[in-house]
Every structure is written in C-alpha cells, then in structure tokens.
Amino acid sequence: FIPADPAHIKRERAKARELRQSQWWKRKLNEGVCYHCGEKFPPKLLTMDHLIPLVRGGHSDKGNVVVACKDCNSKKGHSAPF
C-alpha cells in the first residue's frame, strides 16, 4: 500500500484528539465493549481504533472509529479489521 500523506495523518490525529473529548466518545468508552472481540473492559483499558487506519487514508470521524481493547488494537495495527 502507499502510505497517506503526512499532512493528512497530522490533520486526522488532531481531529481524533477532539473526538476523544466528545460526549459521544465518552459514552462509547463507558459502554466498555471492544468492537473486535466483544469482551467488556474498564474504560482505561480501551483505545480508539480507526477501522480504516490513518496511514491508509482513513479519517477520524464517527463512522470510522470504534472502541477497542489495547490487545485487539495492537493486533490489528495498520491493516483492515481482522
């Protein structure tokens, strides 16, 4: 694959930081369910996962981000969902 432009990644990371402060994201975290494995975790053990990774041209919007446990997010890396 051809990595996304560094300027795109920088813009989208800034949007992701803003999205993490939204009530929508906080509600998602409080639900505590990993999108990939379906297990329940405390909010501190969950991360924001981009279904289409930023390096592959993904965006930081509600349609592309999900709550994932750190283990699943690390396994997925820069690939499409497993």
# chains A, B, ... in the order shown; residues from 1 in each chain; ligands from 1
$ residues_around --residues "Asp61 of chain A" --least-positions-apart "2" --cutoff "10 Å" --atoms "only C-alpha atoms" --output "list of chain:residue names"
A:Glu12, A:Lys15, A:Ala16, A:Leu19, A:His50, A:Gly58, A:His59, A:Gly63, A:Asn64, A:Val65, A:Val66
$ closest_atom_pairs --of "segment 56-82 of chain A" --to "segment 24-32 of chain A" --cutoff "9 Å" --atoms "only C-alpha atoms" --output "JSON lines"
{"residue": "A:Lys62", "atom": "CA", "partner": "A:Trp25", "partner_atom": "CA", "distance": 8.7}
{"residue": "A:Val66", "atom": "CA", "partner": "A:Lys28", "partner_atom": "CA", "distance": 8.2}
{"residue": "A:Val67", "atom": "CA", "partner": "A:Leu29", "partner_atom": "CA", "distance": 6.7}
{"residue": "A:Ala68", "atom": "CA", "partner": "A:Gly32", "partner_atom": "CA", "distance": 8.8}
{"residue": "A:Cys69", "atom": "CA", "partner": "A:Gly32", "partner_atom": "CA", "distance": 8.9}
$ write_last_selection --atoms "all heavy atoms" --output "compact mmCIF listing (two decimals), in the first residue's frame"
# COMPACT_ATOMS: atom_id res chain seq x y z
N LYS A 62 -16.97 9.65 13.26
CA LYS A 62 -17.77 8.64 13.96
C LYS A 62 -17.97 7.38 13.14
O LYS A 62 -18.16 6.31 13.71
CB LYS A 62 -19.12 9.23 14.36
CG LYS A 62 -19.01 10.30 15.42
CD LYS A 62 -20.38 10.86 15.75
CE LYS A 62 -20.28 11.99 16.75
NZ LYS A 62 -21.60 12.55 17.05
N VAL A 66 -13.84 3.16 16.36
CA VAL A 66 -14.53 2.26 17.27
C VAL A 66 -13.71 2.13 18.54
O VAL A 66 -12.52 2.46 18.57
CB VAL A 66 -14.74 0.86 16.64
CG1 VAL A 66 -15.69 0.93 15.46
CG2 VAL A 66 -13.43 0.22 16.24
N VAL A 67 -14.35 1.62 19.57
CA VAL A 67 -13.68 1.33 20.83
C VAL A 67 -13.06 -0.06 20.71
O VAL A 67 -13.72 -1.00 20.28
CB VAL A 67 -14.69 1.36 22.00
CG1 VAL A 67 -14.03 0.95 23.29
CG2 VAL A 67 -15.29 2.75 22.13
N ALA A 68 -11.80 -0.18 21.08
CA ALA A 68 -11.12 -1.47 21.02
C ALA A 68 -10.23 -1.64 22.24
O ALA A 68 -9.67 -0.66 22.75
CB ALA A 68 -10.28 -1.59 19.76
N CYS A 69 -10.10 -2.89 22.71
CA CYS A 69 -9.15 -3.13 23.79
C CYS A 69 -7.74 -2.98 23.22
O CYS A 69 -7.53 -3.07 22.01
CB CYS A 69 -9.37 -4.52 24.40
SG CYS A 69 -9.02 -5.91 23.32
$ select_by_dssp --residues "chain A" --states "helix (DSSP H, G or I)" --output "mmCIF file with N, CA, C and O atoms, in the first residue's frame"
data_model
loop_
_atom_site.group_PDB
_atom_site.id
_atom_site.type_symbol
_atom_site.label_atom_id
_atom_site.label_comp_id
_atom_site.auth_asym_id
_atom_site.auth_seq_id
_atom_site.Cartn_x
_atom_site.Cartn_y
_atom_site.Cartn_z
ATOM 1 N N PRO A 6 1.787 12.648 5.087
ATOM 2 C CA PRO A 6 1.980 13.016 6.493
ATOM 3 C C PRO A 6 1.075 14.166 6.949
ATOM 4 O O PRO A 6 0.645 14.195 8.108
ATOM 5 N N ALA A 7 0.758 15.097 6.074
ATOM 6 C CA ALA A 7 -0.135 16.204 6.444
ATOM 7 C C ALA A 7 -1.539 15.680 6.741
ATOM 8 O O ALA A 7 -2.200 16.153 7.669
ATOM 9 N N HIS A 8 -1.998 14.687 5.965
ATOM 10 C CA HIS A 8 -3.311 14.065 6.201
ATOM 11 C C HIS A 8 -3.322 13.400 7.573
ATOM 12 O O HIS A 8 -4.263 13.584 8.352
ATOM 13 N N ILE A 9 -2.283 12.649 7.878
ATOM 14 C CA ILE A 9 -2.204 11.947 9.161
ATOM 15 C C ILE A 9 -2.211 12.945 10.311
ATOM 16 O O ILE A 9 -2.919 12.755 11.303
ATOM 17 N N LYS A 10 -1.466 14.017 10.184
ATOM 18 C CA LYS A 10 -1.402 15.030 11.241
ATOM 19 C C LYS A 10 -2.771 15.667 11.467
ATOM 20 O O LYS A 10 -3.211 15.824 12.611
ATOM 21 N N ARG A 11 -3.475 16.021 10.376
ATOM 22 C CA ARG A 11 -4.821 16.613 10.487
ATOM 23 C C ARG A 11 -5.790 15.649 11.166
ATOM 24 O O ARG A 11 -6.554 16.038 12.048
ATOM 25 N N GLU A 12 -5.751 14.395 10.756
ATOM 26 C CA GLU A 12 -6.692 13.411 11.289
ATOM 27 C C GLU A 12 -6.391 13.073 12.746
ATOM 28 O O GLU A 12 -7.304 12.818 13.523
ATOM 29 N N ARG A 13 -5.139 13.082 13.131
ATOM 30 C CA ARG A 13 -4.804 12.855 14.544
ATOM 31 C C ARG A 13 -5.329 13.996 15.406
ATOM 32 O O ARG A 13 -5.789 13.773 16.534
ATOM 33 N N ALA A 14 -5.272 15.210 14.894
ATOM 34 C CA ALA A 14 -5.826 16.358 15.625
ATOM 35 C C ALA A 14 -7.341 16.195 15.772
ATOM 36 O O ALA A 14 -7.899 16.454 16.848
ATOM 37 N N LYS A 15 -8.008 15.745 14.713
ATOM 38 C CA LYS A 15 -9.458 15.504 14.789
ATOM 39 C C LYS A 15 -9.764 14.404 15.804
ATOM 40 O O LYS A 15 -10.751 14.485 16.531
ATOM 41 N N ALA A 16 -8.928 13.369 15.850
ATOM 42 C CA ALA A 16 -9.131 12.269 16.799
ATOM 43 C C ALA A 16 -9.006 12.772 18.235
ATOM 44 O O ALA A 16 -9.793 12.365 19.105
ATOM 45 N N ARG A 17 -8.056 13.663 18.488
ATOM 46 C CA ARG A 17 -7.918 14.226 19.841
ATOM 47 C C ARG A 17 -9.181 14.980 20.232
ATOM 48 O O ARG A 17 -9.649 14.877 21.364
ATOM 49 N N GLU A 18 -9.757 15.727 19.287
ATOM 50 C CA GLU A 18 -11.001 16.447 19.560
ATOM 51 C C GLU A 18 -12.149 15.471 19.789
ATOM 52 O O GLU A 18 -12.959 15.659 20.701
ATOM 53 N N LEU A 19 -12.232 14.437 18.979
ATOM 54 C CA LEU A 19 -13.310 13.456 19.089
ATOM 55 C C LEU A 19 -13.263 12.741 20.433
ATOM 56 O O LEU A 19 -14.304 12.430 21.018
ATOM 57 N N ARG A 20 -12.052 12.505 20.963
ATOM 58 C CA ARG A 20 -11.924 11.849 22.272
ATOM 59 C C ARG A 20 -12.530 12.684 23.396
ATOM 60 O O ARG A 20 -12.869 12.143 24.445
ATOM 61 N N GLN A 23 -18.826 13.960 24.034
ATOM 62 C CA GLN A 23 -19.719 13.135 24.843
ATOM 63 C C GLN A 23 -20.007 11.809 24.148
ATOM 64 O O GLN A 23 -20.145 10.778 24.799
ATOM 65 N N TRP A 24 -20.091 11.837 22.825
ATOM 66 C CA TRP A 24 -20.323 10.601 22.071
ATOM 67 C C TRP A 24 -19.245 9.570 22.387
ATOM 68 O O TRP A 24 -19.538 8.407 22.668
ATOM 69 N N TRP A 25 -17.982 9.984 22.342
ATOM 70 C CA TRP A 25 -16.877 9.062 22.598
ATOM 71 C C TRP A 25 -16.871 8.599 24.050
ATOM 72 O O TRP A 25 -16.643 7.418 24.332
ATOM 73 N N LYS A 26 -17.143 9.511 24.958
ATOM 74 C CA LYS A 26 -17.163 9.143 26.385
ATOM 75 C C LYS A 26 -18.246 8.115 26.669
ATOM 76 O O LYS A 26 -18.040 7.184 27.463
ATOM 77 N N ARG A 27 -19.395 8.237 26.006
ATOM 78 C CA ARG A 27 -20.461 7.224 26.157
ATOM 79 C C ARG A 27 -19.992 5.872 25.618
ATOM 80 O O ARG A 27 -20.239 4.825 26.220
ATOM 81 N N LYS A 28 -19.322 5.897 24.470
ATOM 82 C CA LYS A 28 -18.803 4.655 23.889
ATOM 83 C C LYS A 28 -17.821 3.975 24.845
ATOM 84 O O LYS A 28 -17.869 2.758 25.033
ATOM 85 N N LEU A 29 -16.931 4.761 25.434
ATOM 86 C CA LEU A 29 -15.966 4.203 26.377
ATOM 87 C C LEU A 29 -16.666 3.611 27.592
ATOM 88 O O LEU A 29 -16.291 2.539 28.071
ATOM 89 N N ASN A 30 -17.669 4.307 28.097
ATOM 90 C CA ASN A 30 -18.370 3.838 29.285
ATOM 91 C C ASN A 30 -19.142 2.548 29.045
ATOM 92 O O ASN A 30 -19.362 1.783 29.971
ATOM 93 N N GLU A 31 -19.534 2.294 27.777
ATOM 94 C CA GLU A 31 -20.156 1.008 27.461
ATOM 95 C C GLU A 31 -19.154 -0.115 27.700
ATOM 96 O O GLU A 31 -19.526 -1.206 28.108
ATOM 97 N N PRO A 43 -13.042 1.459 31.089
ATOM 98 C CA PRO A 43 -12.677 2.476 30.094
ATOM 99 C C PRO A 43 -11.181 2.737 29.961
ATOM 100 O O PRO A 43 -10.690 3.001 28.872
ATOM 101 N N LYS A 44 -10.432 2.640 31.047
ATOM 102 C CA LYS A 44 -8.987 2.925 30.988
ATOM 103 C C LYS A 44 -8.221 1.911 30.146
ATOM 104 O O LYS A 44 -7.110 2.176 29.715
ATOM 105 N N LEU A 45 -8.809 0.743 29.901
ATOM 106 C CA LEU A 45 -8.139 -0.290 29.116
ATOM 107 C C LEU A 45 -8.579 -0.292 27.655
ATOM 108 O O LEU A 45 -8.227 -1.192 26.905
ATOM 109 N N LEU A 54 -5.348 5.546 9.597
ATOM 110 C CA LEU A 54 -4.967 6.843 9.050
ATOM 111 C C LEU A 54 -3.891 6.714 7.987
ATOM 112 O O LEU A 54 -3.938 7.405 6.979
ATOM 113 N N VAL A 55 -2.938 5.803 8.202
ATOM 114 C CA VAL A 55 -1.863 5.649 7.219
ATOM 115 C C VAL A 55 -2.371 5.083 5.900
ATOM 116 O O VAL A 55 -1.682 5.148 4.887
ATOM 117 N N ARG A 56 -3.573 4.532 5.906
ATOM 118 C CA ARG A 56 -4.180 4.017 4.675
ATOM 119 C C ARG A 56 -5.238 4.978 4.131
ATOM 120 O O ARG A 56 -6.061 4.606 3.303
ATOM 121 N N LYS A 70 -6.806 -2.726 24.084
ATOM 122 C CA LYS A 70 -5.442 -2.471 23.626
ATOM 123 C C LYS A 70 -4.862 -3.670 22.885
ATOM 124 O O LYS A 70 -4.144 -3.505 21.896
ATOM 125 N N ASP A 71 -5.199 -4.874 23.325
ATOM 126 C CA ASP A 71 -4.671 -6.073 22.671
ATOM 127 C C ASP A 71 -5.176 -6.193 21.236
ATOM 128 O O ASP A 71 -4.396 -6.406 20.314
ATOM 129 N N CYS A 72 -6.490 -6.033 21.041
ATOM 130 C CA CYS A 72 -7.055 -6.118 19.685
ATOM 131 C C CYS A 72 -6.523 -5.000 18.799
ATOM 132 O O CYS A 72 -6.224 -5.224 17.621
ATOM 133 N N ASN A 73 -6.414 -3.793 19.342
ATOM 134 C CA ASN A 73 -5.928 -2.667 18.553
ATOM 135 C C ASN A 73 -4.488 -2.915 18.122
ATOM 136 O O ASN A 73 -4.120 -2.631 16.980
ATOM 137 N N SER A 74 -3.680 -3.485 18.995
ATOM 138 C CA SER A 74 -2.285 -3.773 18.647
ATOM 139 C C SER A 74 -2.202 -4.874 17.588
ATOM 140 O O SER A 74 -1.385 -4.786 16.670
ATOM 141 N N LYS A 75 -3.041 -5.901 17.700
ATOM 142 C CA LYS A 75 -3.042 -6.987 16.723
ATOM 143 C C LYS A 75 -3.424 -6.476 15.338
ATOM 144 O O LYS A 75 -2.866 -6.884 14.342
ATOM 145 N N LYS A 76 -4.403 -5.570 15.302
ATOM 146 C CA LYS A 76 -4.882 -5.048 14.025
ATOM 147 C C LYS A 76 -3.823 -4.201 13.351
ATOM 148 O O LYS A 76 -3.613 -4.296 12.153
#
$ select_by_dssp --residues "chain A" --states "strand (DSSP E)" --output "ChimeraX atom specification"
/A:46-50,65-69
$ atom_distance --atom1 "atom CA of Gly38 of chain A" --atom2 "atom CA of Gly57 of chain A"
26.0 Å
$ atom_distance --atom1 "atom CA of Ser60 of chain A" --atom2 "atom CA of His78 of chain A"
14.5 Å
$ decode --residues "segment 12-46 of chain A" --atoms "C-alpha atoms" --output "CSV table (one decimal), in the first residue's frame"
chain,number,residue,atom,x,y,z
A,12,GLU,CA,-6.7,13.4,11.3
A,13,ARG,CA,-4.8,12.9,14.5
A,14,ALA,CA,-5.8,16.4,15.6
A,15,LYS,CA,-9.5,15.5,14.8
A,16,ALA,CA,-9.1,12.3,16.8
A,17,ARG,CA,-7.9,14.2,19.8
A,18,GLU,CA,-11.0,16.4,19.6
A,19,LEU,CA,-13.3,13.5,19.1
A,20,ARG,CA,-11.9,11.8,22.3
A,21,GLN,CA,-13.3,14.8,24.2
A,22,SER,CA,-16.8,14.5,22.8
A,23,GLN,CA,-19.7,13.1,24.8
A,24,TRP,CA,-20.3,10.6,22.1
A,25,TRP,CA,-16.9,9.1,22.6
A,26,LYS,CA,-17.2,9.1,26.4
A,27,ARG,CA,-20.5,7.2,26.2
A,28,LYS,CA,-18.8,4.7,23.9
A,29,LEU,CA,-16.0,4.2,26.4
A,30,ASN,CA,-18.4,3.8,29.3
A,31,GLU,CA,-20.2,1.0,27.5
A,32,GLY,CA,-16.8,-0.8,27.7
A,33,VAL,CA,-17.2,-3.3,24.9
A,34,CYS,CA,-14.4,-4.0,22.5
A,35,TYR,CA,-15.6,-3.8,18.9
A,36,HIS,CA,-13.3,-6.6,17.8
A,37,CYS,CA,-13.5,-9.3,20.5
A,38,GLY,CA,-16.8,-8.3,22.2
A,39,GLU,CA,-15.3,-8.5,25.7
A,40,LYS,CA,-16.1,-5.9,28.4
A,41,PHE,CA,-13.3,-3.8,29.8
A,42,PRO,CA,-13.0,-0.8,32.1
A,43,PRO,CA,-12.7,2.5,30.1
A,44,LYS,CA,-9.0,2.9,31.0
A,45,LEU,CA,-8.1,-0.3,29.1
A,46,LEU,CA,-9.8,0.8,25.9
